[in-house]
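Trainee: My structure is in final_37.pdb, and what it holds is PDB, C-alpha atoms:
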```
ATOM      1  CA  MET A 128      -5.946 -15.927  19.629
ATOM      2  CA  LEU A 129      -3.884 -12.789  19.173
ATOM      3  CA  ASN A 130      -1.326 -14.673  17.101
ATOM      4  CA  CYS A 131      -4.060 -16.010  14.799
ATOM      5  CA  THR A 132      -5.435 -12.493  14.362
ATOM      6  CA  LYS A 133      -1.999 -11.128  13.534
ATOM      7  CA  ALA A 134      -1.359 -13.948  11.085
ATOM      8  CA  PHE A 135      -4.696 -13.257   9.368
ATOM      9  CA  LYS A 136      -3.883  -9.551   9.037
ATOM     10  CA  ILE A 137      -0.429 -10.292   7.634
ATOM     11  CA  ASN A 138      -1.812 -12.775   5.082
ATOM     12  CA  THR A 139      -4.517 -10.296   4.072
ATOM     13  CA  ARG A 140      -1.928  -7.569   3.620
ATOM     14  CA  LEU A 141       0.316  -9.842   1.543
ATOM     15  CA  ALA A 142      -2.610 -10.877  -0.648
ATOM     16  CA  SER A 143      -3.471  -7.207  -1.162
ATOM     17  CA  ILE A 144       0.111  -6.414  -2.193
ATOM     18  CA  GLU A 145       0.196  -9.406  -4.544
ATOM     19  CA  ASN A 146      -3.062  -8.305  -6.174
ATOM     20  CA  MET A 147      -1.753  -4.770  -6.576
ATOM     21  CA  PHE A 148       1.358  -5.924  -8.435
ATOM     22  CA  MET A 149      -0.678  -8.466 -10.418
ATOM     23  CA  ASN A 150      -2.879  -5.665 -11.747
ATOM     24  CA  ILE A 151       0.030  -3.332 -12.525
ATOM     25  CA  VAL A 152       1.988  -5.699 -14.774
ATOM     26  CA  GLN A 153       1.057  -6.134 -18.420
ATOM     27  CA  PRO A 154       1.161  -9.007 -20.920
ATOM     28  CA  ILE A 155       3.738  -8.969 -23.696
ATOM     29  CA  ARG A 156       1.641  -8.302 -26.766
ATOM     30  CA  ASP A 157       3.810  -9.372 -29.719
ATOM     31  CA  VAL A 158       5.647 -12.576 -30.589
ATOM     32  CA  LYS A 159       8.832 -10.828 -31.709
ATOM     33  CA  THR A 160       9.289  -9.292 -28.261
ATOM     34  CA  ILE A 161       8.473 -12.613 -26.576
ATOM     35  CA  ASN A 162      11.239 -14.299 -28.590
ATOM     36  CA  GLN A 163      13.626 -11.478 -27.720
ATOM     37  CA  VAL A 164      12.951 -11.981 -24.005
ATOM     38  CA  LYS A 165      13.419 -15.746 -24.427
ATOM     39  CA  GLU A 166      16.854 -15.266 -25.946
ATOM     40  CA  LEU A 167      17.956 -12.820 -23.251
ATOM     41  CA  LEU A 168      16.787 -15.136 -20.486
ATOM     42  CA  LYS A 169      18.609 -18.053 -22.085
ATOM     43  CA  ILE A 170      21.810 -15.990 -22.046
ATOM     44  CA  ARG A 171      21.347 -15.292 -18.315
ATOM     45  CA  HIS A 172      20.644 -18.961 -17.559
ATOM     46  CA  ASP A 173      18.824 -21.845 -19.193
ATOM     47  CA  LYS A 174      16.550 -22.236 -16.159
ATOM     48  CA  TYR A 175      15.150 -18.712 -16.572
ATOM     49  CA  TYR A 176      14.364 -19.462 -20.190
ATOM     50  CA  MET A 177      12.567 -22.651 -19.120
ATOM     51  CA  MET A 178      10.640 -20.801 -16.429
ATOM     52  CA  PHE A 179       9.461 -18.274 -19.012
ATOM     53  CA  VAL A 180       8.472 -20.978 -21.512
ATOM     54  CA  LEU A 181       6.490 -22.837 -18.839
ATOM     55  CA  GLY A 182       4.710 -19.674 -17.775
ATOM     56  CA  LEU A 183       3.826 -18.651 -21.323
ATOM     57  CA  ASN A 184       2.500 -22.044 -22.347
ATOM     58  CA  THR A 185       0.609 -23.205 -19.272
ATOM     59  CA  GLY A 186      -0.800 -20.031 -17.751
ATOM     60  CA  LEU A 187       0.317 -21.220 -14.306
ATOM     61  CA  ARG A 188       1.132 -18.742 -11.554
ATOM     62  CA  ILE A 189       4.784 -18.465 -10.603
ATOM     63  CA  SER A 190       3.858 -19.898  -7.174
ATOM     64  CA  ASP A 191       2.745 -23.091  -8.959
ATOM     65  CA  ILE A 192       5.644 -23.231 -11.435
ATOM     66  CA  LEU A 193       8.538 -23.020  -8.992
ATOM     67  CA  PRO A 194       7.594 -26.122  -6.902
ATOM     68  CA  LEU A 195       7.516 -28.317 -10.030
ATOM     69  CA  LYS A 196      10.120 -31.079 -10.208
ATOM     70  CA  VAL A 197      11.345 -32.967 -13.247
ATOM     71  CA  ILE A 198       9.171 -35.964 -12.373
ATOM     72  CA  HIS A 199       6.056 -33.757 -12.570
ATOM     73  CA  LEU A 200       6.760 -32.738 -16.179
ATOM     74  CA  LEU A 201       9.100 -35.075 -18.025
ATOM     75  CA  ASN A 202       7.254 -37.587 -20.245
ATOM     76  CA  GLN A 203       3.929 -36.362 -18.879
ATOM     77  CA  THR A 204       0.861 -35.332 -20.866
ATOM     78  CA  HIS A 205      -0.580 -33.160 -18.086
ATOM     79  CA  ILE A 206       0.519 -31.097 -15.114
ATOM     80  CA  ASN A 207      -1.511 -32.043 -12.043
ATOM     81  CA  ILE A 208      -1.310 -29.561  -9.201
ATOM     82  CA  VAL A 209      -3.200 -28.096  -6.290
ATOM     83  CA  GLU A 210      -3.045 -24.355  -6.868
ATOM     84  CA  LYS A 211      -1.230 -22.627  -4.050
ATOM     85  CA  LYS A 212      -3.432 -19.525  -4.149
ATOM     86  CA  THR A 213      -6.866 -21.160  -4.481
ATOM     87  CA  GLY A 214      -6.304 -24.635  -3.016
ATOM     88  CA  LYS A 215      -8.092 -26.082  -6.054
ATOM     89  CA  ALA A 216      -6.894 -29.157  -7.963
ATOM     90  CA  LYS A 217      -6.062 -28.288 -11.574
ATOM     91  CA  ARG A 218      -5.026 -30.340 -14.573
ATOM     92  CA  PHE A 219      -3.137 -28.582 -17.369
ATOM     93  CA  PRO A 220      -2.209 -30.286 -20.677
ATOM     94  CA  ILE A 221       1.411 -30.300 -21.848
ATOM     95  CA  ASN A 222       1.318 -30.046 -25.637
ATOM     96  CA  THR A 223       3.812 -31.795 -27.898
ATOM     97  CA  GLN A 224       6.117 -28.814 -28.387
ATOM     98  CA  LEU A 225       6.265 -28.076 -24.665
ATOM     99  CA  GLN A 226       7.008 -31.755 -23.957
ATOM    100  CA  LYS A 227       9.968 -31.476 -26.354
ATOM    101  CA  ASP A 228      11.176 -28.242 -24.709
ATOM    102  CA  ILE A 229      11.031 -29.912 -21.295
ATOM    103  CA  ALA A 230      12.875 -33.043 -22.465
ATOM    104  CA  ASP A 231      15.595 -30.987 -24.184
ATOM    105  CA  TYR A 232      16.040 -28.781 -21.117
ATOM    106  CA  VAL A 233      16.303 -31.737 -18.724
ATOM    107  CA  LEU A 234      18.846 -33.413 -21.001
ATOM    108  CA  ARG A 235      20.937 -30.245 -21.445
ATOM    109  CA  ASN A 236      21.121 -29.688 -17.699
ATOM    110  CA  GLN A 237      21.341 -33.386 -16.737
ATOM    111  CA  LEU A 238      18.574 -33.052 -14.166
ATOM    112  CA  THR A 239      17.260 -36.049 -12.244
ATOM    113  CA  ASP A 240      13.603 -36.830 -11.454
ATOM    114  CA  ASN A 241      13.582 -35.326  -7.975
ATOM    115  CA  GLN A 242      15.341 -32.082  -8.878
ATOM    116  CA  TYR A 243      13.390 -28.864  -9.268
ATOM    117  CA  MET A 244      12.891 -27.651 -12.802
ATOM    118  CA  ILE A 245      14.002 -24.149 -11.827
ATOM    119  CA  PRO A 246      16.696 -24.923  -9.226
ATOM    120  CA  SER A 247      18.392 -22.457  -6.939
ATOM    121  CA  ARG A 248      22.131 -21.970  -7.299
ATOM    122  CA  GLN A 249      22.548 -22.742  -3.590
ATOM    123  CA  GLY A 250      23.647 -26.231  -2.630
ATOM    124  CA  GLU A 251      20.303 -27.344  -1.232
ATOM    125  CA  ASN A 252      17.765 -28.933  -3.525
ATOM    126  CA  LYS A 253      15.244 -26.130  -3.738
ATOM    127  CA  PRO A 254      13.850 -23.832  -6.435
ATOM    128  CA  ILE A 255      14.569 -20.154  -6.902
ATOM    129  CA  THR A 256      12.289 -17.780  -5.004
ATOM    130  CA  SER A 257       9.423 -15.839  -6.539
ATOM    131  CA  VAL A 258      11.293 -12.640  -5.639
ATOM    132  CA  GLN A 259      14.283 -13.798  -7.684
ATOM    133  CA  ALA A 260      11.993 -14.788 -10.545
ATOM    134  CA  TYR A 261      10.451 -11.300 -10.525
ATOM    135  CA  ARG A 262      13.845  -9.589 -10.475
ATOM    136  CA  ILE A 263      15.103 -11.656 -13.407
ATOM    137  CA  LEU A 264      12.021 -11.075 -15.553
ATOM    138  CA  ASN A 265      11.706  -7.398 -14.697
ATOM    139  CA  SER A 266      15.365  -6.544 -15.285
ATOM    140  CA  THR A 267      15.457  -8.523 -18.544
ATOM    141  CA  ALA A 268      12.353  -6.700 -19.773
ATOM    142  CA  LYS A 269      13.789  -3.319 -18.801
ATOM    143  CA  SER A 270      16.948  -4.043 -20.793
ATOM    144  CA  ILE A 271      14.875  -3.912 -23.995
ATOM    145  CA  GLY A 272      12.657  -1.040 -22.935
ATOM    146  CA  LEU A 273       9.664  -3.002 -21.614
ATOM    147  CA  THR A 274       7.906  -1.648 -18.543
ATOM    148  CA  GLU A 275       5.263  -3.077 -16.196
ATOM    149  CA  ILE A 276       6.627  -6.606 -16.579
ATOM    150  CA  GLY A 277       6.711  -9.151 -13.747
ATOM    151  CA  CYS A 278       5.900 -12.774 -12.974
ATOM    152  CA  HIS A 279       2.189 -12.326 -13.724
ATOM    153  CA  SER A 280       3.146 -11.084 -17.199
ATOM    154  CA  MET A 281       3.759 -14.704 -18.225
ATOM    155  CA  ARG A 282       0.251 -15.736 -17.167
ATOM    156  CA  LYS A 283      -1.294 -12.633 -18.708
ATOM    157  CA  THR A 284       0.617 -13.182 -21.970
ATOM    158  CA  PHE A 285      -0.678 -16.753 -22.093
ATOM    159  CA  GLY A 286      -4.218 -15.437 -21.645
ATOM    160  CA  TYR A 287      -3.789 -12.608 -24.150
ATOM    161  CA  PHE A 288      -2.649 -14.898 -26.971
ATOM    162  CA  HIS A 289      -5.034 -17.707 -26.017
ATOM    163  CA  TYR A 290      -7.934 -15.277 -26.380
ATOM    164  CA  LYS A 291      -6.639 -13.827 -29.655
ATOM    165  CA  GLN A 292      -6.281 -17.330 -31.112
ATOM    166  CA  HIS A 293      -9.477 -18.973 -29.848
ATOM    167  CA  LYS A 294     -11.764 -16.023 -28.954
ATOM    168  CA  ASP A 295     -13.264 -18.269 -26.250
ATOM    169  CA  LEU A 296     -13.580 -16.203 -23.112
ATOM    170  CA  ALA A 297     -15.498 -18.924 -21.236
ATOM    171  CA  ILE A 298     -12.622 -21.410 -21.455
ATOM    172  CA  LEU A 299     -10.078 -18.784 -20.444
ATOM    173  CA  GLN A 300     -12.242 -17.697 -17.530
ATOM    174  CA  ASP A 301     -12.345 -21.322 -16.368
ATOM    175  CA  ILE A 302      -8.576 -21.743 -16.750
ATOM    176  CA  PHE A 303      -7.979 -18.674 -14.605
ATOM    177  CA  ASN A 304     -10.776 -19.441 -12.095
ATOM    178  CA  HIS A 305     -12.200 -15.952 -12.561
ATOM    179  CA  SER A 306     -15.701 -15.194 -11.334
ATOM    180  CA  ALA A 307     -16.731 -13.118 -14.357
ATOM    181  CA  PRO A 308     -15.709 -12.676 -18.039
ATOM    182  CA  SER A 309     -15.106  -8.973 -17.423
ATOM    183  CA  ILE A 310     -12.400  -9.849 -14.885
ATOM    184  CA  THR A 311     -10.680 -12.089 -17.433
ATOM    185  CA  MET A 312     -10.796  -9.413 -20.146
ATOM    186  CA  LYS A 313      -9.275  -6.852 -17.810
ATOM    187  CA  TYR A 314      -6.687  -9.324 -16.506
ATOM    188  CA  ILE A 315      -5.305 -10.194 -19.962
ATOM    189  CA  GLY A 316      -5.155  -6.561 -21.061
ATOM    190  CA  MET A 317      -7.848  -6.771 -23.727
ATOM    191  CA  ASN A 318      -9.924  -3.999 -22.092
ATOM    192  CA  GLN A 319      -6.924  -1.685 -22.284
ATOM    193  CA  ASP A 320      -6.368  -2.582 -25.952
ATOM    194  CA  MET A 321      -9.991  -1.760 -26.724
ATOM    195  CA  ILE A 322      -9.765   1.568 -24.893
ATOM    196  CA  ASP A 323      -6.504   2.456 -26.654
ATOM    197  CA  ASN A 324      -7.901   1.555 -30.090
ATOM    198  CA  SER A 325     -11.143   3.458 -29.522
ATOM    199  CA  LEU A 326      -9.286   6.622 -28.548
ATOM    200  CA  LYS A 327      -6.406   6.388 -31.032
ATOM    201  CA  ASP A 328      -8.165   8.468 -33.720
ATOM    202  CA  PHE A 329     -10.639  10.195 -31.450
ATOM    203  CA  TYR A 330     -10.166  13.939 -31.400
ATOM    204  CA  LEU A 331     -12.628  16.827 -30.953
TER
END
```
What is this structure when it is put down as C-alpha coordinates?
Mentor:
Amino acid sequence: MLNCTKAFKINTRLASIENMFMNIVQPIRDVKTINQVKELLKIRHDKYYMMFVLGLNTGLRISDILPLKVIHLLNQTHINIVEKKTGKAKRFPINTQLQKDIADYVLRNQLTDNQYMIPSRQGENKPITSVQAYRILNSTAKSIGLTEIGCHSMRKTFGYFHYKQHKDLAILQDIFNHSAPSITMKYIGMNQDMIDNSLKDFYL
(Lines of atoms letter the chains of each structure in order from A and count residues from 1; the text may use other names and numbers.)
(Lines give C-alpha, C1' and ligand atoms only; values in the text may rest on other atoms or scores of the structure.)
Protein backbone atom coordinates (compact mmCIF):
# COMPACT_ATOMS: atom_id res chain seq x y z
CA MET A 1 0.00 0.00 0.00
CA LEU A 2 2.85 2.33 0.87
CA ASN A 3 4.50 1.69 -2.49
CA CYS A 4 1.27 2.57 -4.32
CA THR A 5 0.98 5.78 -2.32
CA LYS A 6 4.56 6.73 -3.11
CA ALA A 7 4.07 5.95 -6.78
CA PHE A 8 0.94 8.13 -6.86
CA LYS A 9 2.79 11.04 -5.24
CA ILE A 10 5.70 10.72 -7.67
CA ASN A 11 3.38 10.62 -10.70
CA THR A 12 1.45 13.63 -9.38
CA ARG A 13 4.68 15.54 -8.88
CA LEU A 14 5.91 14.67 -12.38
CA ALA A 15 2.60 15.74 -13.90
CA SER A 16 2.84 19.03 -12.01
CA ILE A 17 6.37 19.63 -13.32
CA GLU A 18 5.31 18.76 -16.86
CA ASN A 19 2.38 21.19 -16.66
CA MET A 20 4.65 23.92 -15.33
CA PHE A 21 7.06 23.62 -18.25
CA MET A 22 4.16 23.25 -20.70
CA ASN A 23 2.78 26.61 -19.58
CA ILE A 24 6.16 28.36 -19.64
CA VAL A 25 7.07 27.57 -23.25
CA GLN A 26 5.68 29.64 -26.11
CA PRO A 27 4.66 28.95 -29.71
CA ILE A 28 6.83 30.22 -32.54
CA ARG A 29 4.73 33.00 -34.02
CA ASP A 30 6.16 33.60 -37.50
CA VAL A 31 6.85 31.34 -40.48
CA LYS A 32 10.28 32.81 -41.21
CA THR A 33 11.53 31.79 -37.76
CA ILE A 34 9.93 28.35 -38.10
CA ASN A 35 11.83 27.79 -41.36
CA GLN A 36 15.03 29.00 -39.72
CA VAL A 37 14.62 26.46 -36.91
CA LYS A 38 13.89 23.74 -39.49
CA GLU A 39 17.14 24.43 -41.32
CA LEU A 40 19.19 24.46 -38.12
CA LEU A 41 17.67 21.19 -36.95
CA LYS A 42 18.36 19.60 -40.33
CA ILE A 43 22.02 20.60 -39.98
CA ARG A 44 22.17 18.92 -36.54
CA HIS A 45 20.48 15.76 -37.83
CA ASP A 46 17.71 14.87 -40.26
CA LYS A 47 15.75 13.11 -37.50
CA TYR A 48 15.44 16.33 -35.47
CA TYR A 49 14.10 18.11 -38.52
CA MET A 50 11.55 15.32 -39.00
CA MET A 51 10.55 15.44 -35.35
CA PHE A 52 9.93 19.17 -35.63
CA VAL A 53 7.92 18.80 -38.85
CA LEU A 54 5.76 16.09 -37.29
CA GLY A 55 5.13 18.18 -34.20
CA LEU A 56 4.24 21.31 -36.17
CA ASN A 57 1.86 19.56 -38.53
CA THR A 58 0.03 17.12 -36.28
CA GLY A 59 -0.19 18.87 -32.93
CA LEU A 60 0.86 15.65 -31.20
CA ARG A 61 2.66 15.72 -27.86
CA ILE A 62 6.30 14.70 -27.92
CA SER A 63 5.35 11.66 -25.80
CA ASP A 64 3.15 10.49 -28.71
CA ILE A 65 5.60 11.39 -31.49
CA LEU A 66 8.66 9.54 -30.22
CA PRO A 67 7.04 6.04 -30.09
CA LEU A 68 5.98 6.28 -33.75
CA LYS A 69 7.60 3.80 -36.13
CA VAL A 70 7.88 4.00 -39.90
CA ILE A 71 5.01 1.55 -40.33
CA HIS A 72 2.70 3.92 -38.42
CA LEU A 73 3.30 6.79 -40.86
CA LEU A 74 4.63 5.71 -44.24
CA ASN A 75 1.89 5.47 -46.90
CA GLN A 76 -0.75 6.17 -44.26
CA THR A 77 -3.55 8.72 -44.43
CA HIS A 78 -3.98 8.94 -40.65
CA ILE A 79 -2.01 8.51 -37.45
CA ASN A 80 -3.90 6.26 -35.04
CA ILE A 81 -2.67 6.39 -31.47
CA VAL A 82 -3.72 6.06 -27.87
CA GLU A 83 -2.51 9.27 -26.25
CA LYS A 84 0.02 8.54 -23.55
CA LYS A 85 -1.14 11.38 -21.30
CA THR A 86 -4.92 10.94 -21.58
CA GLY A 87 -5.29 7.27 -22.54
CA LYS A 88 -7.73 8.34 -25.26
CA ALA A 89 -7.72 6.93 -28.80
CA LYS A 90 -7.04 9.67 -31.36
CA ARG A 91 -6.98 9.75 -35.14
CA PHE A 92 -4.95 12.48 -36.83
CA PRO A 93 -4.92 13.04 -40.63
CA ILE A 94 -1.61 13.10 -42.51
CA ASN A 95 -2.01 15.64 -45.30
CA THR A 96 -0.41 15.24 -48.72
CA GLN A 97 2.62 17.42 -48.03
CA LEU A 98 3.37 15.68 -44.74
CA GLN A 99 3.04 12.28 -46.45
CA LYS A 100 5.68 13.44 -48.95
CA ASP A 101 7.97 14.70 -46.16
CA ILE A 102 7.68 11.35 -44.39
CA ALA A 103 8.36 9.33 -47.56
CA ASP A 104 11.39 11.48 -48.47
CA TYR A 105 12.79 11.21 -44.94
CA VAL A 106 12.39 7.43 -44.80
CA LEU A 107 14.06 7.08 -48.20
CA ARG A 108 16.95 9.42 -47.31
CA ASN A 109 17.68 7.51 -44.12
CA GLN A 110 16.87 4.04 -45.51
CA LEU A 111 14.62 3.21 -42.58
CA THR A 112 12.66 -0.04 -42.41
CA ASP A 113 9.04 -0.47 -41.27
CA ASN A 114 9.83 -1.45 -37.69
CA GLN A 115 12.39 1.29 -37.04
CA TYR A 116 11.47 4.35 -35.01
CA MET A 117 11.00 7.54 -36.96
CA ILE A 118 13.20 9.44 -34.52
CA PRO A 119 15.79 6.77 -33.63
CA SER A 120 18.38 6.96 -30.90
CA ARG A 121 22.03 6.89 -31.89
CA GLN A 122 22.58 3.94 -29.53
CA GLY A 123 22.66 0.47 -31.04
CA GLU A 124 19.30 -0.65 -29.69
CA ASN A 125 16.18 -0.01 -31.71
CA LYS A 126 14.62 2.73 -29.63
CA PRO A 127 13.71 6.40 -30.08
CA ILE A 128 15.45 9.39 -28.56
CA THR A 129 14.20 10.45 -25.14
CA SER A 130 11.91 13.40 -24.49
CA VAL A 131 14.74 14.97 -22.47
CA GLN A 132 17.01 14.80 -25.52
CA ALA A 133 14.25 16.21 -27.71
CA TYR A 134 13.84 19.15 -25.32
CA ARG A 135 17.58 19.83 -25.21
CA ILE A 136 17.85 19.82 -29.00
CA LEU A 137 14.88 22.13 -29.54
CA ASN A 138 15.78 24.49 -26.72
CA SER A 139 19.45 24.86 -27.66
CA THR A 140 18.60 25.32 -31.35
CA ALA A 141 16.08 28.03 -30.47
CA LYS A 142 18.56 29.78 -28.18
CA SER A 143 21.14 29.88 -30.98
CA ILE A 144 18.88 32.31 -32.87
CA GLY A 145 17.75 34.27 -29.83
CA LEU A 146 14.46 32.48 -29.11
CA THR A 147 13.52 31.95 -25.48
CA GLU A 148 10.82 29.88 -23.75
CA ILE A 149 11.01 27.16 -26.40
CA GLY A 150 10.62 23.45 -25.64
CA CYS A 151 8.83 20.33 -26.87
CA HIS A 152 5.37 21.80 -26.22
CA SER A 153 6.30 24.71 -28.49
CA MET A 154 5.68 22.45 -31.50
CA ARG A 155 2.16 21.63 -30.33
CA LYS A 156 1.47 25.24 -29.38
CA THR A 157 2.78 26.48 -32.74
CA PHE A 158 0.46 24.04 -34.51
CA GLY A 159 -2.45 25.41 -32.48
CA TYR A 160 -1.45 29.04 -32.96
CA PHE A 161 -1.35 28.81 -36.76
CA HIS A 162 -4.36 26.49 -36.97
CA TYR A 163 -6.41 29.10 -35.12
CA LYS A 164 -5.08 31.99 -37.21
CA GLN A 165 -5.95 30.13 -40.42
CA HIS A 166 -9.34 28.66 -39.51
CA LYS A 167 -10.53 30.79 -36.54
CA ASP A 168 -12.35 27.67 -35.30
CA LEU A 169 -11.71 27.38 -31.59
CA ALA A 170 -14.15 24.48 -31.15
CA ILE A 171 -12.20 22.19 -33.48
CA LEU A 172 -8.89 23.14 -31.88
CA GLN A 173 -10.32 22.57 -28.42
CA ASP A 174 -11.39 19.09 -29.53
CA ILE A 175 -7.98 18.33 -31.06
CA PHE A 176 -6.27 19.27 -27.81
CA ASN A 177 -8.89 17.63 -25.54
CA HIS A 178 -9.24 20.86 -23.56
CA SER A 179 -12.20 21.31 -21.25
CA ALA A 180 -12.87 24.94 -22.17
CA PRO A 181 -12.14 27.36 -25.07
CA SER A 182 -10.39 29.72 -22.66
CA ILE A 183 -7.83 27.01 -21.88
CA THR A 184 -7.13 26.55 -25.59
CA MET A 185 -6.72 30.29 -26.18
CA LYS A 186 -4.26 30.56 -23.31
CA TYR A 187 -2.42 27.39 -24.36
CA ILE A 188 -1.73 28.60 -27.92
CA GLY A 189 -0.60 32.04 -26.78
CA MET A 190 -3.49 34.00 -28.27
CA ASN A 191 -4.46 35.49 -24.88
CA GLN A 192 -0.94 36.86 -24.52
CA ASP A 193 -1.06 38.32 -28.04
CA MET A 194 -4.32 40.07 -27.23
CA ILE A 195 -2.92 41.47 -23.98
CA ASP A 196 0.26 42.65 -25.72
CA ASN A 197 -1.69 44.31 -28.54
CA SER A 198 -4.13 46.01 -26.17
CA LEU A 199 -1.32 47.51 -24.12
CA LYS A 200 1.09 48.34 -26.95
CA ASP A 201 -0.23 51.91 -27.42
CA PHE A 202 -1.82 52.28 -24.02
CA TYR A 203 -0.24 55.05 -21.99
CA LEU A 204 -1.66 57.43 -19.36
Trainee: What is the distance, in Å and to one decimal place, between CA of Ile161 in chain A and CA of Lys174 in chain A?
Mentor: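 That distance, rounded to one decimal, is 16.3 Å.
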Trainee: Report as a list in words the full result of the PyMOL selection byres ((chain A and resi 195-197) around 6) when it is applied to this structure.
Mentor: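 With the PyMOL selection byres ((chain A and resi 195-197) around 6) on this model, the match is Ile192, Leu193, Pro194, Ile198, His199, Leu200, Leu201, Asp240, Asn241, Gln242, Tyr243 and Met244 of chain A.
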Trainee: Please provide as number ranges by chain all residues within 10 Å of Pro308 in chain A, with the sequence filter that same-chain residues fewer than 3 positions apart are discarded (counting all atoms listed in the file).
Mentor: A: 296-301, 305, 311-314
Trainee: Between CA of Cys278 in chain A and CA of Leu264 in chain A, what is the distance, to one decimal in Å?
Mentor: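 Calculated distance between CA of Cys278 in chain A and CA of Leu264 in chain A is 6.9 Å.
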Trainee: CA of Phe285 in chain A to CA of Met178 in chain A: how many Å, to one decimal?
Mentor: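 We find that CA of Phe285 in chain A and CA of Met178 in chain A lie 13.3 Å from each other.
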Trainee: Please provide the set of residues having any atom within 10 Å of range 227-230 of chain A, restricted to only C-alpha atoms, with same-chain residues fewer than 2 positions apart removed, written as a list in words.
Mentor: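 Non-adjacent residues within range: Met177, Val180, Leu181, Val197, Leu200, Leu201, Asn202, Gln203, Ile221, Asn222, Thr223, Gln224, Leu225, Tyr232, Val233, Leu234, Arg235 and Met244 of chain A.
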Trainee: For His172 in chain A, which residue among A:Gly186, A:Pro154, A:Pro246, A:Gly214 is the nearest when counting all atoms listed in the file?
Mentor: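 Smallest distance to His172 in chain A is found for A:Pro246.
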Trainee: Find, counting all atoms listed in the file, the residue in A:Asn304, A:Ser257, A:Gln237, A:Gln292 that gets nearest to Gly277 in chain A.
Mentor: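 For Gly277 in chain A, the nearest of the candidates is A:Ser257.
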Trainee: In terms of the shortest atom-to-atom distance over only C-alpha atoms, which of A:Ile208, A:Ala216, A:Ala268, A:Met321 is closest to Phe179 in chain A?
Mentor: A:Ala268
Trainee: Name the residues in contact with Val152 in chain A at a cut-off of 7 Å, using all atoms listed in the file, excluding same-chain residues fewer than 6 positions from it; report them as a list in words.
Mentor: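 Listed by chain and then number, they are Glu275, Ile276, Gly277, His279 and Ser280 of chain A.
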Trainee: So, with only C-alpha atoms as the atoms that count, which of A:Tyr330, A:Phe219, A:Tyr261, A:Tyr175 lies closest to Phe303 in chain A?
Mentor: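 The closest residue to Phe303 in chain A is A:Phe219.
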Trainee: Excluding Arg218 in chain A and residues on its chain fewer than 3 positions from it, collect all residues at most 9 Å away from it, counting all atoms listed in the file, and give them as a JSON list (two decimals) with C-alpha atoms, in the frame of the given file.
Mentor:
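Wrote result.json, looks like this:
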```json
[["chain", "number", "residue", "atom", "x", "y", "z"],
["A", 205, "HIS", "CA", -0.58, -33.16, -18.09],
["A", 206, "ILE", "CA", 0.52, -31.10, -15.11],
["A", 207, "ASN", "CA", -1.51, -32.04, -12.04],
["A", 208, "ILE", "CA", -1.31, -29.56, -9.20],
["A", 209, "VAL", "CA", -3.20, -28.10, -6.29]]
```
